[in-house]
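Trainee: I have a structure here, written as structure tokens, and I will follow up with some questions on it.
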Amino acid sequence: MSTTSDIPATAVVVPAHPTKPSTPAIEQEKEAPAKKSESAVKSFISGGVGGACAVLVGHPLDLVKVRMQTGGASSNSVFGMLSTTMRKEGIRGLYRGVSAPLTAVSPMFAVSFWSYDMGQRMVKAYGQNGMNEEEKAAPYTLSMGEICVAGAFSAIPTTAIMAPSERIKCLLQVQATEVEKGGKARYSGMLDCAKNLLKEGGLASLYKGTGAKPPSF
């Protein structure tokens with residue numbers, strides 16, 4: 001006669017806490033937020049502000065340079081020239097002719113920064129040509145040659161703004177030196193100078209000497 005003790009006992013393990021179904025790995029990994037491309041407007045505004053600051057800081061020294069080059073310097077040293085100009089003409093004398101570069105350099109730097117940004121995007125798009133979507137999503141580092149190409153591209157629109165303003169600025173600074181020596185002023189200001197140049201030689205007169213200046217990369 002068999003008893004219950006002869007029946008093998010089957011152990012049943014009951015978990016203390018019921019397990020939840022495993023979540024797929026794809027659902028567990030959060031998708032990384034897509035990297036937003038920076039707007040070219042930021043480059044434009046940054047360049048404009050930087051250009052204005054560069055003019056305000058550097059114009060007094062540029063004025064001294066032009067006067068020394070044209071023989072209108074009253075001193076042999078830079079600081080002596082600055083001191084003499086400040087004493088005779090005041091703070092306004094140090095910024096004589098600043099309207100032309102301030103009007104042109106701010107947009108010039110703005111266009112330079114913007115065009116360099118666009119040049120980088122063009123070079124990057126060319127370098128990623130033929131890549132699949134996964135390869136394009138990976139960070140792309142520009143080579144030295146590609147950076148040079150982007151910089152060369154930025155010089156094209158920049159020169160179109162820079163050349164006329166540089167010519168007008170230099171003419172106004174040279175005129176100021178001639179007036180100090182007893183000469184007569186030919187131009188009443190930046191706009192008057194531009195009008196006279198256009199009347200005398202057309203658009204080519206505003207860009208006279210542009211070919212002698214190397215492009216700014």
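The chains in the structure tokens are called A, B, ... from first to last as shown; in each chain the residues are counted from 1, and the ligands are counted from 1 in the order shown.
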If you count only C-alpha atoms, which residues fall within 8 Å of Ala52 (chain A), apart from same-chain ones fewer than 3 positions away, as a list in words?

Mentor: Gly48, Val49, Val55, Leu56, Leu102, Val105 and Ser106 of chain A

Trainee: Let's have the selection written as a PDB file, in the first residue's frame, with N, CA and C atoms.

Mentor:
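Output below, filename again.pdb:
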```pdb
ATOM      1  N   GLY A  48      28.847  92.259 -36.946  1.00  0.00           N
ATOM      2  CA  GLY A  48      28.542  93.695 -36.939  1.00  0.00           C
ATOM      3  C   GLY A  48      28.975  94.378 -35.654  1.00  0.00           C
ATOM      4  N   VAL A  49      28.683  93.746 -34.519  1.00  0.00           N
ATOM      5  CA  VAL A  49      29.080  94.315 -33.225  1.00  0.00           C
ATOM      6  C   VAL A  49      30.600  94.325 -33.091  1.00  0.00           C
ATOM      7  N   VAL A  55      36.530  99.332 -34.903  1.00  0.00           N
ATOM      8  CA  VAL A  55      36.719 100.696 -35.416  1.00  0.00           C
ATOM      9  C   VAL A  55      36.957 101.671 -34.266  1.00  0.00           C
ATOM     10  N   LEU A  56      36.153 101.596 -33.236  1.00  0.00           N
ATOM     11  CA  LEU A  56      36.266 102.538 -32.123  1.00  0.00           C
ATOM     12  C   LEU A  56      37.615 102.413 -31.407  1.00  0.00           C
ATOM     13  N   LEU A 102      33.114 103.394 -39.789  1.00  0.00           N
ATOM     14  CA  LEU A 102      32.079 102.896 -38.882  1.00  0.00           C
ATOM     15  C   LEU A 102      30.840 102.482 -39.666  1.00  0.00           C
ATOM     16  N   VAL A 105      32.577  99.342 -41.917  1.00  0.00           N
ATOM     17  CA  VAL A 105      33.246  98.209 -41.284  1.00  0.00           C
ATOM     18  C   VAL A 105      32.257  97.315 -40.528  1.00  0.00           C
ATOM     19  N   SER A 106      31.262  97.920 -39.888  1.00  0.00           N
ATOM     20  CA  SER A 106      30.271  97.104 -39.175  1.00  0.00           C
ATOM     21  C   SER A 106      29.553  96.142 -40.121  1.00  0.00           C
TER      22      SER A 106
END
```

Trainee: With DSSP run on the backbone, what are the alpha helix (DSSP H) residues within region 45-190 of chain A? I'd like them as a PyMOL selection string.

Mentor: chain A and resi 45-69+78-94+99-127+133-137+144-180+190

Trainee: Can you list, as a ChimeraX atom specification, every protein, DNA or RNA residue that comes within 7 Å of region 198-211 of chain A when you count only C-alpha atoms, leaving out same-chain residues fewer than 5 positions away?

Mentor: /A:163-164,167

Trainee: Output C-alpha atoms for every residue in the selection just made, as a compact mmCIF listing (two decimals), in the first residue's frame.

Mentor:
```txt
# COMPACT_ATOMS: atom_id res chain seq x y z
CA ALA A 163 37.18 98.93 -50.81
CA PRO A 164 34.97 102.05 -51.21
CA ARG A 167 39.21 104.91 -50.17
```

Trainee: Do a neighbour search on Lys169 (chain A) at 7 Å with only C-alpha atoms, toss out local chain neighbours closer than 3 positions, and write the hits as a ChimeraX atom specification.

Mentor: /A:97,100-101,165-166,172-173

Trainee: Separation of CA of Phe79 (chain A) and CA of Gln175 (chain A), in Å?

Mentor: 21.9 Å

Trainee: Which residues are close to Leu171 (chain A), i.e. within 12 Å by only C-alpha atoms, leaving aside same-chain residues fewer than 6 positions away? Reply as a PyMOL selection string.

Mentor: chain A and resi 63+66-67+70+96-98+100+164-165+177-178+185-190+192-194+196-197+206+208

Trainee: Could you write out the selected residues, including N, CA and C atoms, as a PDB file, in the first residue's frame?

Mentor:
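Printed below is part.pdb as written:
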```pdb
ATOM      1  N   LEU A  63      44.438 106.721 -37.833  1.00  0.00           N
ATOM      2  CA  LEU A  63      44.576 108.133 -38.196  1.00  0.00           C
ATOM      3  C   LEU A  63      46.034 108.569 -38.121  1.00  0.00           C
ATOM      4  N   VAL A  66      48.022 107.107 -41.107  1.00  0.00           N
ATOM      5  CA  VAL A  66      47.809 107.813 -42.377  1.00  0.00           C
ATOM      6  C   VAL A  66      48.536 109.157 -42.384  1.00  0.00           C
ATOM      7  N   ARG A  67      48.509 109.864 -41.280  1.00  0.00           N
ATOM      8  CA  ARG A  67      49.177 111.167 -41.231  1.00  0.00           C
ATOM      9  C   ARG A  67      50.696 111.018 -41.314  1.00  0.00           C
ATOM     10  N   THR A  70      51.508 110.288 -44.989  1.00  0.00           N
ATOM     11  CA  THR A  70      51.311 111.406 -45.915  1.00  0.00           C
ATOM     12  C   THR A  70      52.106 112.646 -45.524  1.00  0.00           C
ATOM     13  N   ARG A  96      38.535 111.747 -36.412  1.00  0.00           N
ATOM     14  CA  ARG A  96      38.228 112.424 -37.666  1.00  0.00           C
ATOM     15  C   ARG A  96      38.155 111.395 -38.796  1.00  0.00           C
ATOM     16  N   GLY A  97      37.068 111.450 -39.552  1.00  0.00           N
ATOM     17  CA  GLY A  97      36.875 110.508 -40.650  1.00  0.00           C
ATOM     18  C   GLY A  97      36.367 109.144 -40.226  1.00  0.00           C
ATOM     19  N   VAL A  98      35.899 109.032 -38.968  1.00  0.00           N
ATOM     20  CA  VAL A  98      35.468 107.724 -38.467  1.00  0.00           C
ATOM     21  C   VAL A  98      34.124 107.304 -39.041  1.00  0.00           C
ATOM     22  N   ALA A 100      33.064 107.073 -42.096  1.00  0.00           N
ATOM     23  CA  ALA A 100      33.167 106.152 -43.236  1.00  0.00           C
ATOM     24  C   ALA A 100      33.466 104.719 -42.792  1.00  0.00           C
ATOM     25  N   PRO A 164      35.404 100.650 -51.140  1.00  0.00           N
ATOM     26  CA  PRO A 164      34.965 102.047 -51.207  1.00  0.00           C
ATOM     27  C   PRO A 164      35.131 102.800 -49.891  1.00  0.00           C
ATOM     28  N   SER A 165      34.840 102.151 -48.774  1.00  0.00           N
ATOM     29  CA  SER A 165      34.944 102.832 -47.482  1.00  0.00           C
ATOM     30  C   SER A 165      36.394 103.164 -47.153  1.00  0.00           C
ATOM     31  N   THR A 177      44.775 116.672 -43.158  1.00  0.00           N
ATOM     32  CA  THR A 177      46.179 117.078 -43.054  1.00  0.00           C
ATOM     33  C   THR A 177      46.446 118.316 -43.910  1.00  0.00           C
ATOM     34  N   GLU A 178      45.867 118.366 -45.102  1.00  0.00           N
ATOM     35  CA  GLU A 178      46.053 119.514 -45.994  1.00  0.00           C
ATOM     36  C   GLU A 178      45.410 120.774 -45.422  1.00  0.00           C
ATOM     37  N   ALA A 185      39.439 122.583 -47.956  1.00  0.00           N
ATOM     38  CA  ALA A 185      38.759 121.290 -47.911  1.00  0.00           C
ATOM     39  C   ALA A 185      38.009 121.049 -49.211  1.00  0.00           C
ATOM     40  N   ARG A 186      38.191 119.886 -49.766  1.00  0.00           N
ATOM     41  CA  ARG A 186      37.539 119.539 -51.032  1.00  0.00           C
ATOM     42  C   ARG A 186      36.214 118.823 -50.805  1.00  0.00           C
ATOM     43  N   TYR A 187      36.155 118.062 -49.729  1.00  0.00           N
ATOM     44  CA  TYR A 187      34.948 117.296 -49.438  1.00  0.00           C
ATOM     45  C   TYR A 187      34.381 117.744 -48.096  1.00  0.00           C
ATOM     46  N   SER A 188      33.064 117.834 -48.035  1.00  0.00           N
ATOM     47  CA  SER A 188      32.417 118.257 -46.789  1.00  0.00           C
ATOM     48  C   SER A 188      32.120 117.084 -45.865  1.00  0.00           C
ATOM     49  N   GLY A 189      32.214 115.884 -46.382  1.00  0.00           N
ATOM     50  CA  GLY A 189      31.948 114.712 -45.554  1.00  0.00           C
ATOM     51  C   GLY A 189      32.004 113.441 -46.380  1.00  0.00           C
ATOM     52  N   MET A 190      31.574 112.352 -45.777  1.00  0.00           N
ATOM     53  CA  MET A 190      31.675 111.049 -46.415  1.00  0.00           C
ATOM     54  C   MET A 190      30.806 110.959 -47.662  1.00  0.00           C
ATOM     55  N   ASP A 192      29.560 113.417 -49.469  1.00  0.00           N
ATOM     56  CA  ASP A 192      30.029 114.349 -50.488  1.00  0.00           C
ATOM     57  C   ASP A 192      31.249 113.781 -51.211  1.00  0.00           C
ATOM     58  N   CYS A 193      32.125 113.127 -50.482  1.00  0.00           N
ATOM     59  CA  CYS A 193      33.300 112.503 -51.080  1.00  0.00           C
ATOM     60  C   CYS A 193      32.886 111.389 -52.040  1.00  0.00           C
ATOM     61  N   ALA A 194      31.931 110.571 -51.632  1.00  0.00           N
ATOM     62  CA  ALA A 194      31.466 109.486 -52.496  1.00  0.00           C
ATOM     63  C   ALA A 194      30.816 110.028 -53.769  1.00  0.00           C
ATOM     64  N   ASN A 196      31.419 112.928 -55.274  1.00  0.00           N
ATOM     65  CA  ASN A 196      32.447 113.491 -56.144  1.00  0.00           C
ATOM     66  C   ASN A 196      33.255 112.400 -56.853  1.00  0.00           C
ATOM     67  N   LEU A 197      33.551 111.323 -56.141  1.00  0.00           N
ATOM     68  CA  LEU A 197      34.284 110.225 -56.757  1.00  0.00           C
ATOM     69  C   LEU A 197      33.475 109.580 -57.877  1.00  0.00           C
ATOM     70  N   LEU A 206      35.577 104.536 -57.053  1.00  0.00           N
ATOM     71  CA  LEU A 206      35.383 104.090 -55.667  1.00  0.00           C
ATOM     72  C   LEU A 206      36.220 102.854 -55.355  1.00  0.00           C
ATOM     73  N   LYS A 208      39.161 102.158 -56.792  1.00  0.00           N
ATOM     74  CA  LYS A 208      40.530 102.371 -57.245  1.00  0.00           C
ATOM     75  C   LYS A 208      41.521 101.836 -56.206  1.00  0.00           C
TER      76      LYS A 208
END
```

Trainee: From the set A:Gly145, A:Pro107, A:Gly151, A:Gly80, which residue has the shortest atom-to-atom contact distance to Val64 (chain A), counting only C-alpha atoms?

Mentor: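 With only C-alpha atoms as the atom set, the closest residue is A:Gly80.
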
Trainee: Under the rule that only C-alpha atoms are counted, which of A:Met108, A:Glu133, A:Ala138, A:Glu146 is the nearest residue to Gln120 (chain A)?

Mentor: A:Glu146

Trainee: Compile the contact shell of Ser46 (chain A) as a list in words: residues with an atom at most 9 Å away, counting only C-alpha atoms, same-chain residues fewer than 6 positions apart removed.

Mentor: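 Neighbouring residues, sequence-local ones excluded: Phe109, Ala110 and Phe113 of chain A.
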
Trainee: By how many Å are CA of Ser83 (chain A) and CA of Gly58 (chain A) apart?

Mentor: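 Here the two named atoms are 15.7 Å from each other.
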
Trainee: Might you pull out every residue within 12 Å of Ala40 (chain A), with only C-alpha atoms counted and same-chain residues fewer than 5 positions away left off, and present them as an NGL selection string?

Mentor: :A and (45-47 or 110-121)
